[in-house]
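**Student:** Sharing upload_22.pdb (PDB, C-alpha atoms and all ligand atoms) below.
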```pdb
MODEL        1
ATOM      1  CA  MET A 280      54.310  84.815 -87.904
ATOM      2  CA  THR A 281      56.047  83.364 -90.980
ATOM      3  CA  GLN A 282      59.503  83.573 -92.575
ATOM      4  CA  ILE A 283      60.642  82.535 -96.030
ATOM      5  CA  ASP A 284      63.505  80.060 -96.359
ATOM      6  CA  GLN A 285      64.441  77.492 -99.015
ATOM      7  CA  ARG A 286      61.431  75.351 -98.037
ATOM      8  CA  GLY A 287      58.990  78.228 -98.520
ATOM      9  CA  PRO A 288      56.952  79.980 -95.821
ATOM     10  CA  VAL A 289      57.441  78.380 -92.385
ATOM     11  CA  ALA A 290      55.858  79.197 -89.075
ATOM     12  CA  VAL A 291      58.230  80.802 -86.590
ATOM     13  CA  LYS A 292      57.407  80.886 -82.902
ATOM     14  CA  PRO A 293      57.513  84.571 -81.938
ATOM     15  CA  SER A 294      59.917  85.448 -79.172
ATOM     16  CA  THR A 295      58.557  86.894 -75.950
ATOM     17  CA  SER A 296      60.485  90.104 -76.476
ATOM     18  CA  GLU A 297      58.592  90.707 -79.697
ATOM     19  CA  GLY A 298      55.361  90.508 -77.737
ATOM     20  CA  GLY A 299      53.781  88.612 -80.591
ATOM     21  CA  GLN A 300      52.201  85.802 -78.603
ATOM     22  CA  HIS A 301      48.565  84.919 -78.764
ATOM     23  CA  PRO A 302      46.701  86.060 -75.611
ATOM     24  CA  ALA A 303      46.040  82.425 -74.731
ATOM     25  CA  ALA A 304      49.755  81.663 -74.785
ATOM     26  CA  ARG A 305      50.580  84.810 -72.832
ATOM     27  CA  SER A 306      48.247  83.740 -70.081
ATOM     28  CA  GLY A 307      50.657  80.998 -69.034
ATOM     29  CA  LYS A 308      52.939  83.709 -67.679
ATOM     30  CA  ARG A 309      50.188  85.543 -65.866
ATOM     31  CA  ARG A 310      49.919  85.500 -62.119
ATOM     32  CA  ARG A 311      47.660  82.812 -60.767
ATOM     33  CA  ALA A 312      44.229  84.003 -59.697
ATOM     34  CA  TRP A 313      44.548  83.166 -55.988
ATOM     35  CA  TRP A 314      41.777  85.630 -55.173
ATOM     36  CA  LEU A 315      39.403  83.299 -57.010
ATOM     37  CA  LEU A 316      40.123  80.527 -54.506
ATOM     38  CA  GLY A 317      38.927  82.825 -51.721
ATOM     39  CA  ILE A 318      35.753  83.687 -53.639
ATOM     40  CA  ALA A 319      35.104  80.024 -54.448
ATOM     41  CA  ALA A 320      35.681  78.953 -50.816
ATOM     42  CA  VAL A 321      33.200  81.527 -49.511
ATOM     43  CA  ILE A 322      30.597  80.556 -52.117
ATOM     44  CA  ILE A 323      30.952  76.836 -51.366
ATOM     45  CA  ALA A 324      30.715  77.464 -47.593
ATOM     46  CA  PHE A 325      27.648  79.628 -48.148
ATOM     47  CA  LEU A 326      25.947  76.984 -50.286
ATOM     48  CA  ILE A 327      26.818  74.156 -47.868
ATOM     49  CA  TYR A 328      25.143  76.098 -45.087
ATOM     50  CA  GLN A 329      22.160  77.503 -47.026
ATOM     51  CA  VAL A 330      21.074  74.816 -49.472
ATOM     52  CA  PRO A 331      20.369  71.634 -47.372
ATOM     53  CA  PRO A 332      17.054  72.780 -45.812
ATOM     54  CA  TYR A 333      15.724  73.462 -49.315
ATOM     55  CA  ALA A 334      17.327  70.489 -51.066
ATOM     56  CA  SER A 335      15.569  68.227 -48.528
ATOM     57  CA  MET A 336      12.196  69.061 -50.171
ATOM     58  CA  ASP A 337      10.761  69.023 -46.675
ATOM     59  CA  PRO A 338       8.878  72.247 -45.844
ATOM     60  CA  SER A 339       9.373  71.699 -42.115
ATOM     61  CA  GLN A 340      13.113  72.315 -42.682
ATOM     62  CA  SER A 341      12.589  75.902 -43.903
ATOM     63  CA  ARG A 342      14.671  78.437 -42.021
ATOM     64  CA  ILE A 343      12.154  81.195 -42.686
ATOM     65  CA  PRO A 344       8.539  81.041 -41.470
ATOM     66  CA  LEU A 345       6.299  79.882 -44.313
ATOM     67  CA  GLN A 346       3.330  82.130 -45.062
ATOM     68  CA  PHE A 347       1.391  79.836 -47.409
ATOM     69  CA  PRO A 348       1.834  76.245 -48.701
ATOM     70  CA  ALA A 349       3.583  77.151 -51.969
ATOM     71  CA  HIS A 350       5.973  79.511 -50.187
ATOM     72  CA  TYR A 351       8.476  76.716 -49.552
ATOM     73  CA  TRP A 352       8.546  75.807 -53.238
ATOM     74  CA  LEU A 353       9.227  79.426 -54.194
ATOM     75  CA  ILE A 354      12.245  79.336 -51.885
ATOM     76  CA  VAL A 355      13.336  75.985 -53.358
ATOM     77  CA  GLY A 356      13.201  77.457 -56.901
ATOM     78  CA  HIS A 357      15.027  80.574 -55.763
ATOM     79  CA  VAL A 358      17.760  78.582 -54.022
ATOM     80  CA  LEU A 359      18.153  76.007 -56.817
ATOM     81  CA  PHE A 360      18.674  78.633 -59.535
ATOM     82  CA  GLY A 361      20.589  80.857 -57.107
ATOM     83  CA  SER A 362      23.061  77.997 -56.574
ATOM     84  CA  VAL A 363      23.528  77.704 -60.350
ATOM     85  CA  ALA A 364      24.268  81.440 -60.434
ATOM     86  CA  MET A 365      26.819  81.255 -57.632
ATOM     87  CA  LEU A 366      28.626  78.223 -59.079
ATOM     88  CA  THR A 367      28.731  79.560 -62.646
ATOM     89  CA  LEU A 368      29.933  82.889 -61.246
ATOM     90  CA  ILE A 369      33.129  81.119 -60.172
ATOM     91  CA  LEU A 370      33.636  79.793 -63.711
ATOM     92  CA  GLN A 371      32.856  83.195 -65.231
ATOM     93  CA  LEU A 372      35.465  84.961 -63.128
ATOM     94  CA  TRP A 373      38.189  82.360 -63.714
ATOM     95  CA  PRO A 374      40.711  83.986 -66.117
ATOM     96  CA  TRP A 375      42.125  80.606 -67.190
ATOM     97  CA  ILE A 376      38.676  79.408 -68.313
ATOM     98  CA  ARG A 377      38.076  82.633 -70.206
ATOM     99  CA  ARG A 378      41.348  82.318 -72.094
ATOM    100  CA  ARG A 379      41.736  78.592 -72.575
ATOM    101  CA  HIS A 380      38.157  77.333 -72.668
ATOM    102  CA  PRO A 381      36.007  80.043 -74.231
ATOM    103  CA  THR A 382      33.234  77.541 -74.896
ATOM    104  CA  VAL A 383      32.976  76.774 -71.177
ATOM    105  CA  HIS A 384      32.946  80.524 -70.501
ATOM    106  CA  ARG A 385      30.154  81.004 -73.050
ATOM    107  CA  TRP A 386      27.962  78.166 -71.780
ATOM    108  CA  SER A 387      28.467  78.909 -68.111
ATOM    109  CA  GLY A 388      27.660  82.543 -68.912
ATOM    110  CA  ARG A 389      24.382  81.510 -70.496
ATOM    111  CA  ALA A 390      23.643  79.297 -67.489
ATOM    112  CA  TYR A 391      24.453  82.216 -65.147
ATOM    113  CA  VAL A 392      21.942  84.466 -66.924
ATOM    114  CA  PHE A 393      19.143  82.071 -67.929
ATOM    115  CA  ALA A 394      19.353  79.262 -65.359
ATOM    116  CA  GLY A 395      20.639  81.471 -62.553
ATOM    117  CA  ALA A 396      20.015  85.202 -62.267
ATOM    118  CA  ILE A 397      16.707  85.426 -64.163
ATOM    119  CA  PRO A 398      14.762  82.530 -62.604
ATOM    120  CA  SER A 399      16.277  82.989 -59.135
ATOM    121  CA  GLY A 400      15.591  86.749 -59.279
ATOM    122  CA  LEU A 401      11.990  86.159 -60.395
ATOM    123  CA  PHE A 402      11.427  83.741 -57.497
ATOM    124  CA  ALA A 403      12.898  86.362 -55.137
ATOM    125  CA  VAL A 404      10.482  88.989 -56.509
ATOM    126  CA  ALA A 405       7.572  86.556 -56.084
ATOM    127  CA  MET A 406       8.529  86.078 -52.414
ATOM    128  CA  LEU A 407       8.915  89.782 -51.687
ATOM    129  CA  PRO A 408       5.312  90.445 -50.561
ATOM    130  CA  VAL A 409       5.745  87.902 -47.755
ATOM    131  CA  SER A 410       9.440  88.453 -47.068
ATOM    132  CA  TYR A 411      10.740  89.983 -43.855
ATOM    133  CA  PRO A 412       9.620  93.637 -43.996
ATOM    134  CA  ALA A 413      12.883  95.348 -42.956
ATOM    135  CA  GLY A 414      15.083  96.201 -45.924
ATOM    136  CA  ARG A 415      12.517  94.930 -48.404
ATOM    137  CA  ILE A 416      13.088  97.851 -50.780
ATOM    138  CA  GLY A 417      16.823  97.124 -50.767
ATOM    139  CA  VAL A 418      16.177  93.473 -51.619
ATOM    140  CA  ALA A 419      13.656  94.411 -54.329
ATOM    141  CA  MET A 420      16.088  96.838 -55.945
ATOM    142  CA  SER A 421      18.936  94.360 -55.839
ATOM    143  CA  ALA A 422      16.749  91.608 -57.359
ATOM    144  CA  VAL A 423      15.691  93.824 -60.268
ATOM    145  CA  LEU A 424      19.200  95.181 -60.841
ATOM    146  CA  TRP A 425      20.699  91.686 -60.596
ATOM    147  CA  MET A 426      18.458  90.455 -63.409
ATOM    148  CA  ALA A 427      18.715  93.660 -65.453
ATOM    149  CA  THR A 428      22.528  93.779 -65.411
ATOM    150  CA  ALA A 429      22.774  90.074 -66.315
ATOM    151  CA  VAL A 430      20.376  90.386 -69.272
ATOM    152  CA  LEU A 431      21.870  93.670 -70.489
ATOM    153  CA  GLY A 432      25.346  92.161 -70.173
ATOM    154  CA  TRP A 433      24.253  89.266 -72.373
ATOM    155  CA  ILE A 434      22.635  91.633 -74.907
ATOM    156  CA  LYS A 435      25.825  93.723 -75.115
ATOM    157  CA  LEU A 436      27.800  90.551 -75.720
ATOM    158  CA  ARG A 437      25.486  89.654 -78.610
ATOM    159  CA  GLN A 438      26.061  93.162 -79.994
ATOM    160  CA  GLY A 439      29.820  92.668 -79.776
ATOM    161  CA  ARG A 440      30.221  95.452 -77.203
ATOM    162  CA  TYR A 441      32.671  93.538 -75.027
ATOM    163  CA  ALA A 442      33.780  96.335 -72.726
ATOM    164  CA  VAL A 443      30.176  97.167 -71.794
ATOM    165  CA  HIS A 444      29.408  93.446 -71.479
ATOM    166  CA  ARG A 445      32.278  93.024 -69.034
ATOM    167  CA  ARG A 446      31.230  96.086 -67.036
ATOM    168  CA  LEU A 447      27.611  94.934 -66.733
ATOM    169  CA  MET A 448      28.515  91.367 -65.793
ATOM    170  CA  LEU A 449      30.819  92.651 -63.070
ATOM    171  CA  TYR A 450      27.955  94.806 -61.752
ATOM    172  CA  SER A 451      25.739  91.720 -61.784
ATOM    173  CA  PHE A 452      28.304  89.665 -59.828
ATOM    174  CA  ALA A 453      28.810  92.563 -57.408
ATOM    175  CA  ILE A 454      25.083  92.795 -56.715
ATOM    176  CA  VAL A 455      24.472  89.114 -56.060
ATOM    177  CA  TRP A 456      27.676  88.701 -54.078
ATOM    178  CA  GLY A 457      26.844  91.819 -52.061
ATOM    179  CA  GLN A 458      23.242  90.858 -51.381
ATOM    180  CA  VAL A 459      23.842  87.224 -50.558
ATOM    181  CA  ILE A 460      27.302  86.975 -49.053
ATOM    182  CA  TRP A 461      27.544  90.333 -47.316
ATOM    183  CA  GLY A 462      23.926  90.097 -46.203
ATOM    184  CA  PHE A 463      24.815  86.720 -44.741
ATOM    185  CA  VAL A 464      28.097  87.903 -43.208
ATOM    186  CA  ILE A 465      26.579  91.057 -41.713
ATOM    187  CA  GLY A 466      23.345  89.465 -40.488
ATOM    188  CA  MET A 467      24.474  86.031 -39.294
ATOM    189  CA  PRO A 468      26.670  86.942 -36.302
ATOM    190  CA  PHE A 469      23.800  88.990 -34.903
ATOM    191  CA  ALA A 470      21.124  86.420 -35.739
ATOM    192  CA  LEU A 471      23.148  83.666 -34.036
ATOM    193  CA  GLY A 472      23.910  85.871 -31.035
ATOM    194  CA  TRP A 473      27.686  85.845 -31.650
ATOM    195  CA  ILE A 474      27.634  89.629 -31.468
ATOM    196  CA  PRO A 475      25.520  90.800 -28.556
ATOM    197  CA  PHE A 476      23.015  93.385 -29.705
ATOM    198  CA  THR A 477      20.244  94.840 -27.620
ATOM    199  CA  GLY A 478      18.887  97.351 -30.155
ATOM    200  CA  ASP A 479      16.225  96.890 -32.803
ATOM    201  CA  PHE A 480      17.156  93.830 -34.901
ATOM    202  CA  ASP A 481      15.342  95.363 -37.881
ATOM    203  CA  HIS A 482      18.115  97.936 -38.138
ATOM    204  CA  ILE A 483      20.617  95.138 -38.695
ATOM    205  CA  VAL A 484      18.405  93.494 -41.315
ATOM    206  CA  GLU A 485      17.843  96.821 -43.064
ATOM    207  CA  ALA A 486      21.622  97.419 -43.186
ATOM    208  CA  ALA A 487      22.385  93.857 -44.283
ATOM    209  CA  ARG A 488      19.996  94.212 -47.226
ATOM    210  CA  TRP A 489      21.517  97.472 -48.503
ATOM    211  CA  VAL A 490      25.135  97.864 -47.460
ATOM    212  CA  GLY A 491      26.535  94.745 -49.133
ATOM    213  CA  TRP A 492      25.372  95.194 -52.689
ATOM    214  CA  VAL A 493      25.583  99.004 -52.795
ATOM    215  CA  GLY A 494      29.073  98.856 -51.246
ATOM    216  CA  ASN A 495      30.128  96.160 -53.704
ATOM    217  CA  LEU A 496      28.968  98.269 -56.649
ATOM    218  CA  VAL A 497      31.034 101.191 -55.371
ATOM    219  CA  VAL A 498      34.110  98.949 -55.036
ATOM    220  CA  VAL A 499      33.648  97.433 -58.514
ATOM    221  CA  GLN A 500      33.184 100.882 -60.068
ATOM    222  CA  TRP A 501      36.346 102.105 -58.348
ATOM    223  CA  TRP A 502      38.250  99.041 -59.588
ATOM    224  CA  LEU A 503      36.955  99.467 -63.154
ATOM    225  CA  ASP A 504      38.036 103.124 -63.185
ATOM    226  CA  ARG A 505      41.406 102.269 -61.685
ATOM    227  CA  THR A 506      42.157  99.497 -64.192
ATOM    228  CA  ARG A 507      40.744 101.273 -67.246
ATOM    229  CA  GLY A 508      42.816 100.517 -70.339
ATOM    230  CA  ARG A 509      44.755  97.716 -68.666
ATOM    231  CA  ASP A 510      44.766  94.284 -70.293
ATOM    232  CA  LEU A 511      43.185  92.223 -67.561
ATOM    233  CA  GLY A 512      42.349  89.415 -69.920
ATOM    234  CA  LEU A 513      38.782  89.690 -68.696
ATOM    235  CA  VAL A 514      36.944  89.555 -71.973
ATOM    236  CA  THR A 515      38.242  89.373 -75.485
ATOM    237  CA  PRO A 516      36.176  88.848 -78.618
ATOM    238  CA  ARG A 517      37.478  85.274 -78.770
ATOM    239  CA  THR A 518      36.511  84.457 -75.200
ATOM    240  CA  ALA A 519      33.275  86.375 -74.835
TER     241      ALA A 519
HETATM  242  C1  LIG B   1      20.354  89.672 -55.652
HETATM  243  C2  LIG B   1      20.097  88.383 -55.488
HETATM  244  C3  LIG B   1      19.107  87.847 -54.483
HETATM  245  C4  LIG B   1      18.013  88.431 -53.933
HETATM  246  C5  LIG B   1      17.483  89.826 -54.189
HETATM  247  C6  LIG B   1      17.436  87.496 -53.010
HETATM  248  C7  LIG B   1      16.263  87.690 -52.287
HETATM  249  C8  LIG B   1      15.725  86.806 -51.406
HETATM  250  C9  LIG B   1      14.483  86.986 -50.684
HETATM  251  C10 LIG B   1      13.522  88.160 -50.860
HETATM  252  C11 LIG B   1      14.318  85.924 -49.873
HETATM  253  C12 LIG B   1      13.176  85.703 -48.891
HETATM  254  C13 LIG B   1      13.613  86.215 -47.531
HETATM  255  C14 LIG B   1      12.470  86.496 -46.584
HETATM  256  O1  LIG B   1      11.427  85.848 -46.652
HETATM  257  O2  LIG B   1      12.635  87.404 -45.743
HETATM  258  C15 LIG B   1      15.475  85.077 -50.056
HETATM  259  C16 LIG B   1      15.695  83.915 -49.362
HETATM  260  C17 LIG B   1      16.750  83.075 -49.613
HETATM  261  N1  LIG B   1      17.726  83.206 -50.555
HETATM  262 FE1  LIG B   1      17.940  84.760 -51.789
HETATM  263  N2  LIG B   1      18.186  86.354 -53.014
HETATM  264  C18 LIG B   1      19.201  86.519 -53.913
HETATM  265  C19 LIG B   1      20.153  85.597 -54.272
HETATM  266  C20 LIG B   1      20.282  84.370 -53.697
HETATM  267  C21 LIG B   1      21.256  83.383 -54.100
HETATM  268  C22 LIG B   1      22.240  83.536 -55.256
HETATM  269  C23 LIG B   1      21.140  82.347 -53.264
HETATM  270  C24 LIG B   1      22.000  81.094 -53.349
HETATM  271  C25 LIG B   1      21.575  79.916 -53.162
HETATM  272  C26 LIG B   1      20.081  82.669 -52.313
HETATM  273  C27 LIG B   1      19.657  81.881 -51.264
HETATM  274  C28 LIG B   1      18.575  82.141 -50.465
HETATM  275  C29 LIG B   1      18.135  81.292 -49.386
HETATM  276  C30 LIG B   1      18.823  79.993 -48.940
HETATM  277  C31 LIG B   1      16.986  81.856 -48.860
HETATM  278  C32 LIG B   1      16.123  81.321 -47.716
HETATM  279  C33 LIG B   1      16.440  82.089 -46.455
HETATM  280  C34 LIG B   1      17.218  81.311 -45.459
HETATM  281  O3  LIG B   1      17.004  80.114 -45.296
HETATM  282  O4  LIG B   1      18.080  81.943 -44.806
HETATM  283  N3  LIG B   1      19.595  83.899 -52.623
HETATM  284  N4  LIG B   1      16.305  85.623 -51.000
ENDMDL
END
```
Just dump the structure as structure tokens.
**Tutor:**
Amino acid sequence: MTQIDQRGPVAVKPSTSEGGQHPAARSGKRRRAWWLLGIAAVIIAFLIYQVPPYASMDPSQSRIPLQFPAHYWLIVGHVLFGSVAMLTLILQLWPWIRRRHPTVHRWSGRAYVFAGAIPSGLFAVAMLPVSYPAGRIGVAMSAVLWMATAVLGWIKLRQGRYAVHRRLMLYSFAIVWGQVIWGFVIGMPFALGWIPFTGDFDHIVEAARWVGWVGNLVVVQWWLDRTRGRDLGLVTPRTA
């Protein structure tokens, strides 16, 4: 905004009441994203528990029975790239990064898609024939949809279709979060015997491999519909 005085055109800081601030400046007054701390804490706890047996590079540490010699290395690839996806997901969701550091948002987004979802998803697909049979179709569908939504989200970004980009990336986050975290949360207490269960364990596995990601997609869709038209500062042309 400029005004003319004796010195010529001078920049005038717009007042808040005029609503003329740049989105980046406005963000200072936004509520802090406390929810992100919860998401980050769960992801870090998940990784601390899940990664060590596969970071050790020692096949005897595998938590799942190995079916052939290269099986362990498929899991290692899956977990390595999966960890990149989960860590960059935190950066992608962080509103402050999106507004103040668009370059970080851009690069972590690329890492999420090309060093996270795609390679980790491909390793998951490669393991499917030897994976635990219960819920295998649910896992297969989530792997394909995880990769598809991430790639399509990136393509829409390249086309400048920011609203569709945002929608697809949120679907992608919902799928991986649902498959990994909810699968973990639903399955673990039973697997560790914290919740006594005398029925068929396959029913639990089947549920764990469907309920989380399908439920998450329903919740994200509901949230997108509910917040339609609201400025959530999620993606702007400058930050995408
Ligand atoms: C939608 C996304 C994902 C799908 C579809 C998927 C699928 C799979 C499949 C099929 C297996 C083999 C399980 C078996 O043999 O029964 C597996 C194992 C594993 N995945 Fe994923 N995965 C996904 C995301 C991730 C992410 C992001 C991580 C984060 C590091 C991860 C960590 C692991 C680990 C640690 C194992 C080994 C199993 C264990 O030790 O409990 N996965 N995953």
**Student:** Could you expand the PyMOL selection byres (((chain A and resi 364) around 8) and not hetatm) into the explicit residues it covers here, written as a VMD selection string?
**Tutor:** chain A and resid 360 to 363 365 to 368 390 to 392 394 to 396
**Student:** Go through the shown structure with the PyMOL selection byres (((not hetatm)) within 8 of (chain B and resi 1)) and write out the matching residues as a short mmCIF file (atom, residue, chain, number, x, y, z; two decimals) with C-alpha atoms, in the coordinates of the input.
**Tutor:**
```cif
data_model
loop_
_atom_site.label_atom_id
_atom_site.label_comp_id
_atom_site.auth_asym_id
_atom_site.auth_seq_id
_atom_site.Cartn_x
_atom_site.Cartn_y
_atom_site.Cartn_z
CA PHE A 325 27.65 79.63 -48.15
CA LEU A 326 25.95 76.98 -50.29
CA GLN A 329 22.16 77.50 -47.03
CA VAL A 330 21.07 74.82 -49.47
CA PRO A 332 17.05 72.78 -45.81
CA TYR A 333 15.72 73.46 -49.32
CA SER A 341 12.59 75.90 -43.90
CA ARG A 342 14.67 78.44 -42.02
CA ILE A 343 12.15 81.19 -42.69
CA PRO A 344 8.54 81.04 -41.47
CA ILE A 354 12.24 79.34 -51.88
CA HIS A 357 15.03 80.57 -55.76
CA VAL A 358 17.76 78.58 -54.02
CA LEU A 359 18.15 76.01 -56.82
CA PHE A 360 18.67 78.63 -59.54
CA GLY A 361 20.59 80.86 -57.11
CA SER A 362 23.06 78.00 -56.57
CA VAL A 363 23.53 77.70 -60.35
CA ALA A 364 24.27 81.44 -60.43
CA MET A 365 26.82 81.26 -57.63
CA GLY A 395 20.64 81.47 -62.55
CA ALA A 396 20.02 85.20 -62.27
CA SER A 399 16.28 82.99 -59.14
CA GLY A 400 15.59 86.75 -59.28
CA ALA A 403 12.90 86.36 -55.14
CA VAL A 404 10.48 88.99 -56.51
CA MET A 406 8.53 86.08 -52.41
CA LEU A 407 8.91 89.78 -51.69
CA VAL A 409 5.74 87.90 -47.76
CA SER A 410 9.44 88.45 -47.07
CA TYR A 411 10.74 89.98 -43.86
CA PRO A 412 9.62 93.64 -44.00
CA ARG A 415 12.52 94.93 -48.40
CA VAL A 418 16.18 93.47 -51.62
CA ALA A 419 13.66 94.41 -54.33
CA MET A 420 16.09 96.84 -55.94
CA SER A 421 18.94 94.36 -55.84
CA ALA A 422 16.75 91.61 -57.36
CA VAL A 423 15.69 93.82 -60.27
CA LEU A 424 19.20 95.18 -60.84
CA TRP A 425 20.70 91.69 -60.60
CA ILE A 454 25.08 92.80 -56.72
CA VAL A 455 24.47 89.11 -56.06
CA TRP A 456 27.68 88.70 -54.08
CA GLY A 457 26.84 91.82 -52.06
CA GLN A 458 23.24 90.86 -51.38
CA VAL A 459 23.84 87.22 -50.56
#
```
**Student:** Using atom CA of A:Trp461 and atom CA of A:Ile483 as the two end points, give the distance in Å to one decimal.
**Tutor:** 12.1 Å
**Student:** Just give me the gap between atom CA of A:Ile416 and atom CA of A:Gly491 in Å, one decimal is fine.
**Tutor:**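 A separation of 13.9 Å between them.
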**Student:** Would you write out, as a ChimeraX atom specification, every residue that the PyMOL selection byres (((chain A and resi 440-450) around 12) and not hetatm) captures in this file?
**Tutor:** /A:368,371-372,377,388-389,391-392,396,421,424-439,451-457,492-504,506-519
**Student:** So the first atom is atom CA of A:Ile369 and the second is atom CA of A:Pro331; what is the distance between them in Å, to one decimal place?
**Tutor:**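 Atom CA of A:Pro331 lies at a distance of 20.4 Å from atom CA of A:Ile369.
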**Student:** Between A:Pro338, A:Gly462, A:Gly414, A:Pro381, single out the one closest to A:Leu353, counting all atoms listed in the file.
**Tutor:** A:Pro338
**Student:** Pick the closest to A:Phe480 from A:Leu345, A:Ala413, A:Ile460, A:Val321: which is it, counting only C-alpha atoms?
**Tutor:**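 Distance minimum relative to A:Phe480 lands on A:Ala413.
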